[in-house]
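Colleague: Have a look at the structure that comes next, please.
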Amino acid sequence: CELWRSDVGRRDFLSGSSVAASALVEPSRDWLISAPDSQVARSAGPRVGLADVAAVTAMTQALVDLDHQYGSGHVRPVVVHYLNSVVSGLLAGSYREAVGRELFAAVSRLTELAGYMAVDTGQPGLAQRYYIQALRLAQAAGDRAYGGYVLAASMSHLAAQLGNPREIAQLARAAQEGARGRATPRAECMFHAAEARGHALMGDAHAAQAAAGRAVEALEAADSSSGDDPTWIRHFDEAYLADELAHCHRDLGQAEAAARQAEESLAKHPESRARRRAIGYVLLATAQVQKREVEQACHTGLKAVELLGSLRSNRGAEYLEDLQQRLEPFREEAVVREFGARMELQAA
């Protein structure tokens with residue numbers, strides 16, 4: 001709760017938080033070898049029931065939907081104030097053991113969302129704190145599968161942003177081991193896809209291909225399974241997997257495959273996933289640059305610029321900056337100059 005209070009109060013020590021992928025290793029190791037908390041029930045404070053937990057879950061989903069549509073710059077302050085004003089009161093309340101486990105699980109998911117939004121607003125040091133807290137809350141809930149999600153989806157992507165591919169693969173492997181037998185095939189698909197990203201960034205095409213193959217097999221098993229997925233992984237569909245694989249092929253310099261996967265992700269992502277579609281356009285444009293289809297790349301990139309114009313997303317802006325850098329060798333071409341001018345106009 002102190003983290004949430006400090007975030008609401010915009011404490012200086014949070015905005016200046018240092019961030020390092022190595023700082024994620026110890027929490028992931030502790031999670032991997034530690035048992036769930038033996039007891040979480042409380043007998044002091046206002047009574048908390050399953051209806052309160054349901055409210056937190058519903059609020060989290062509503063905030064996720066808004067974030068997909070408008071970007072974290074619009075939504076993150078709401079998340080942090082809700083954690084500080086409402087959720088902190090629930091955690092300090094009185095609840096039975098079963099309700100407590102459900103409460104910690106719900107709060108873990110909302111805390112992870114706050115971490116993701118910190119990444120999307122350009123605050124990786126703050127995101128690191130939220131992710132570590134989300135992992136600890138998942139441990140208290142006894143939710144091994146979601147703990148694996150925090151490692152593979154959240155911490156590994158933060159490690160990717162920091163340029164530590166070895167940590168990406170290690171965090172994904174820790175998720176696979178720690179959640180073994182407790183995660184659905186769809187969650188396992190995401191764990192393997194995260195591992196593939198790490199291997200691809202290290203330039204290990206063989207290991208990346210093997211992990212990607214396991215991801216595809218897991219998703220096929222998920223699609224043919226009648227088992228219910230938890231809400232936090234249901235979004236990870238063919239479009240998301242294609243997005244992950246497009247990143248892998250891009251980083252391995254496999255332009256044709258990267259373009260193919262980016263096009264598949266764009267075909268399957270609904271319009272409501274505005275930020276994800278913008279990233280898909282950048283991935284496609286990047287593949288086109290790799291194929292030296294510069295004019296087409298600029299036209300594709302402009303679609304991303306248009307989408308991101310309606311969002312407040314630092315992450316989307318970083319993807320566009322990467323595309324601009326890749327276009328730098330062709331800066332004398334008229335279409336590239338025009339693309340740069342549109343970018344400047346958008347920034348203004």
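Labels used: A, B, ... for chains in the order of the structure tokens, numbers from 1 for residues in each chain, and numbers from 1 for ligands as shown.
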Mind checking which residues fall within 10 Å of Gln209 in chain A, counting only C-alpha atoms, ignoring those fewer than 6 positions away in the same chain, and posting them as JSON, numbers by chain?

Modeller: {"A": [193, 196, 197, 199, 200, 215, 245, 248, 249]}

Colleague: Restricting the output to N, CA, C and O atoms, write the selected residues as a PDB file, in the first residue's frame.

Modeller:
ATOM      1  N   ALA A 193       6.220 -18.482 -25.992  1.00  0.00           N
ATOM      2  CA  ALA A 193       6.428 -17.358 -26.911  1.00  0.00           C
ATOM      3  C   ALA A 193       7.409 -16.350 -26.315  1.00  0.00           C
ATOM      4  O   ALA A 193       8.261 -15.805 -27.023  1.00  0.00           O
ATOM      5  N   ALA A 196      10.855 -17.666 -26.725  1.00  0.00           N
ATOM      6  CA  ALA A 196      11.296 -17.498 -28.112  1.00  0.00           C
ATOM      7  C   ALA A 196      11.803 -16.082 -28.363  1.00  0.00           C
ATOM      8  O   ALA A 196      12.810 -15.889 -29.063  1.00  0.00           O
ATOM      9  N   ARG A 197      11.120 -15.084 -27.784  1.00  0.00           N
ATOM     10  CA  ARG A 197      11.572 -13.696 -27.939  1.00  0.00           C
ATOM     11  C   ARG A 197      12.992 -13.519 -27.422  1.00  0.00           C
ATOM     12  O   ARG A 197      13.828 -12.848 -28.041  1.00  0.00           O
ATOM     13  N   HIS A 199      15.404 -15.822 -27.044  1.00  0.00           N
ATOM     14  CA  HIS A 199      16.378 -16.494 -27.903  1.00  0.00           C
ATOM     15  C   HIS A 199      16.594 -15.719 -29.199  1.00  0.00           C
ATOM     16  O   HIS A 199      17.727 -15.631 -29.706  1.00  0.00           O
ATOM     17  N   ALA A 200      15.506 -15.162 -29.743  1.00  0.00           N
ATOM     18  CA  ALA A 200      15.626 -14.405 -30.992  1.00  0.00           C
ATOM     19  C   ALA A 200      16.505 -13.174 -30.800  1.00  0.00           C
ATOM     20  O   ALA A 200      17.349 -12.858 -31.649  1.00  0.00           O
ATOM     21  N   ALA A 215       5.117 -23.099 -28.607  1.00  0.00           N
ATOM     22  CA  ALA A 215       4.035 -22.132 -28.417  1.00  0.00           C
ATOM     23  C   ALA A 215       2.871 -22.438 -29.348  1.00  0.00           C
ATOM     24  O   ALA A 215       1.701 -22.415 -28.944  1.00  0.00           O
ATOM     25  N   LEU A 245       5.577 -13.748 -32.624  1.00  0.00           N
ATOM     26  CA  LEU A 245       6.444 -14.389 -33.608  1.00  0.00           C
ATOM     27  C   LEU A 245       6.981 -13.374 -34.612  1.00  0.00           C
ATOM     28  O   LEU A 245       8.111 -13.528 -35.104  1.00  0.00           O
ATOM     29  N   CYS A 248      10.010 -12.023 -33.110  1.00  0.00           N
ATOM     30  CA  CYS A 248      11.113 -12.982 -33.203  1.00  0.00           C
ATOM     31  C   CYS A 248      11.772 -12.932 -34.576  1.00  0.00           C
ATOM     32  O   CYS A 248      13.008 -12.837 -34.692  1.00  0.00           O
ATOM     33  N   HIS A 249      10.962 -13.004 -35.627  1.00  0.00           N
ATOM     34  CA  HIS A 249      11.508 -12.999 -36.986  1.00  0.00           C
ATOM     35  C   HIS A 249      12.198 -11.667 -37.297  1.00  0.00           C
ATOM     36  O   HIS A 249      13.239 -11.647 -37.971  1.00  0.00           O
TER      37      HIS A 249
END

Colleague: If we count only C-alpha atoms, what is near Glu328 in chain A at a cut-off of 12 Å, once residues fewer than 4 positions away on the same chain are taken out, given as an mmCIF file with C-alpha atoms, in the first residue's frame?

Modeller:
data_model
loop_
_atom_site.group_PDB
_atom_site.id
_atom_site.type_symbol
_atom_site.label_atom_id
_atom_site.label_comp_id
_atom_site.auth_asym_id
_atom_site.auth_seq_id
_atom_site.Cartn_x
_atom_site.Cartn_y
_atom_site.Cartn_z
ATOM 1 C CA VAL A 289 12.423 -1.870 -44.533
ATOM 2 C CA VAL A 294 11.071 1.651 -48.407
ATOM 3 C CA CYS A 298 6.566 4.504 -45.061
ATOM 4 C CA GLU A 321 11.312 5.864 -33.092
ATOM 5 C CA ASP A 322 12.849 2.474 -33.845
ATOM 6 C CA LEU A 323 11.239 2.519 -37.293
ATOM 7 C CA GLN A 324 12.641 5.985 -37.952
ATOM 8 C CA GLU A 332 17.451 11.218 -48.782
ATOM 9 C CA GLU A 333 14.419 9.580 -50.402
ATOM 10 C CA VAL A 335 8.978 9.364 -49.142
ATOM 11 C CA VAL A 336 11.212 9.026 -46.068
ATOM 12 C CA ARG A 337 11.440 12.803 -45.666
ATOM 13 C CA PHE A 339 7.293 10.296 -43.266
ATOM 14 C CA GLY A 340 9.660 12.205 -40.960
#

Colleague: DSSP on the backbone: what in range 55-292 of chain A comes out alpha helix (DSSP H), as a PyMOL selection string?

Modeller: chain A and resi 55-70+72-82+88-91+97-120+124-141+144-149+156-161+165-178+185-201+205-224+238-251+255-268+274-290

Colleague: Using DSSP on the backbone, list every residue of range 35-140 of chain A that comes out as strand (DSSP E or B), and give them as a list in words.

Modeller: Arg42, Arg47, Ser94 and Tyr95 of chain A

Colleague: Output the selection as a PDB file, in the first residue's frame - N, CA and C atoms for each residue.

Modeller:
ATOM      1  N   ARG A  42      -7.759 -12.383   7.769  1.00  0.00           N
ATOM      2  CA  ARG A  42      -7.628 -11.267   8.723  1.00  0.00           C
ATOM      3  C   ARG A  42      -8.930 -11.123   9.496  1.00  0.00           C
ATOM      4  N   ARG A  47     -15.694  -5.854   7.085  1.00  0.00           N
ATOM      5  CA  ARG A  47     -15.846  -7.171   6.474  1.00  0.00           C
ATOM      6  C   ARG A  47     -15.713  -7.078   4.955  1.00  0.00           C
ATOM      7  N   SER A  94     -11.383  -7.312   6.992  1.00  0.00           N
ATOM      8  CA  SER A  94     -11.517  -8.615   7.639  1.00  0.00           C
ATOM      9  C   SER A  94     -12.083  -9.602   6.624  1.00  0.00           C
ATOM     10  N   TYR A  95     -11.397 -10.746   6.434  1.00  0.00           N
ATOM     11  CA  TYR A  95     -11.861 -11.711   5.458  1.00  0.00           C
ATOM     12  C   TYR A  95     -11.430 -13.123   5.831  1.00  0.00           C
TER      13      TYR A  95
END

Colleague: Near Gln61 in chain A, within 12 Å and counting only C-alpha atoms, which residues show up once chain neighbours fewer than 2 positions away are dropped, as a ChimeraX atom specification?

Modeller: /A:54-59,63-68,79,106,109-110,113,231-232,234-235

Colleague: For a quick check of understanding, using only C-alpha atoms, which of A:Ala141, A:Ile33, A:Leu50, A:Leu90 has the smallest distance to Glu177 in chain A?

Modeller: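 So, comparing all the options, the nearest one is A:Ile33.
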
Colleague: Using only C-alpha atoms, which residue out of A:Gly49, A:Gly115, A:Pro230, A:Gly142 lies closest to Arg96 in chain A?

Modeller: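 Smallest separation from Arg96 in chain A among the options: A:Gly49.
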
Colleague: Using only C-alpha atoms, pick whichever of A:Arg186, A:Gln139, A:Ser28, A:Gln39 has the shortest atom-to-atom distance to Glu97 in chain A.

Modeller: A:Gln39

Colleague: Which residues are near Ala221 in chain A? Cut-off 12 Å, only C-alpha atoms, ignore same chain within fewer than 6 positions. Put them as an NGL selection string.

Modeller: :A and (184-189 or 214-215 or 227)

Colleague: I'd like the contact shell of Arg29 in chain A - 10 Å cut-off, only C-alpha atoms, skipping same-chain residues fewer than 6 positions apart - returned as number ranges by chain.

Modeller: A: 171, 174, 178

Colleague: Just the selected residues (C-alpha atoms), exported as a compact mmCIF listing (two decimals), in the first residue's frame, please.

Modeller:
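part.txt, freshly written:
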# COMPACT_ATOMS: atom_id res chain seq x y z
CA LEU A 171 12.22 -15.51 -16.74
CA ALA A 174 11.12 -19.91 -14.62
CA GLY A 178 7.06 -22.76 -11.53

Colleague: Could you name the residues that touch Gln133 in chain A at 9 Å or less, counting only C-alpha atoms, but leaving out those on the same chain fewer than 6 positions away, as a count of residues only?

Modeller: 3

Colleague: Expressed in Å to a single decimal, how great is the separation between CA of Arg101 in chain A and CA of Ala140 in chain A?

Modeller: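 Interatomic distance, CA of Arg101 in chain A to CA of Ala140 in chain A: 7.0 Å.
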
Colleague: Kindly indicate which residue among A:Ala207, A:Ala242, A:Leu32, A:Ala159 lies nearest to Gly125 in chain A, using only C-alpha atoms for the distances.

Modeller: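 The closest residue to Gly125 in chain A is A:Ala159.
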
Colleague: When you count only C-alpha atoms, which of these residues is closest to Leu284 in chain A: A:Pro270, A:Ala262, A:Phe330, A:Leu302?

Modeller: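 Among A:Pro270, A:Ala262, A:Phe330, A:Leu302, it is A:Ala262 that comes nearest to Leu284 in chain A.
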
Colleague: Which polymer residues have any atom within 8 Å of an atom of Gln128 in chain A, counting only C-alpha atoms, with same-chain residues fewer than 3 positions away left out, as a PyMOL selection string?

Modeller: chain A and resi 19+24+115+124-125+131-132+155+158
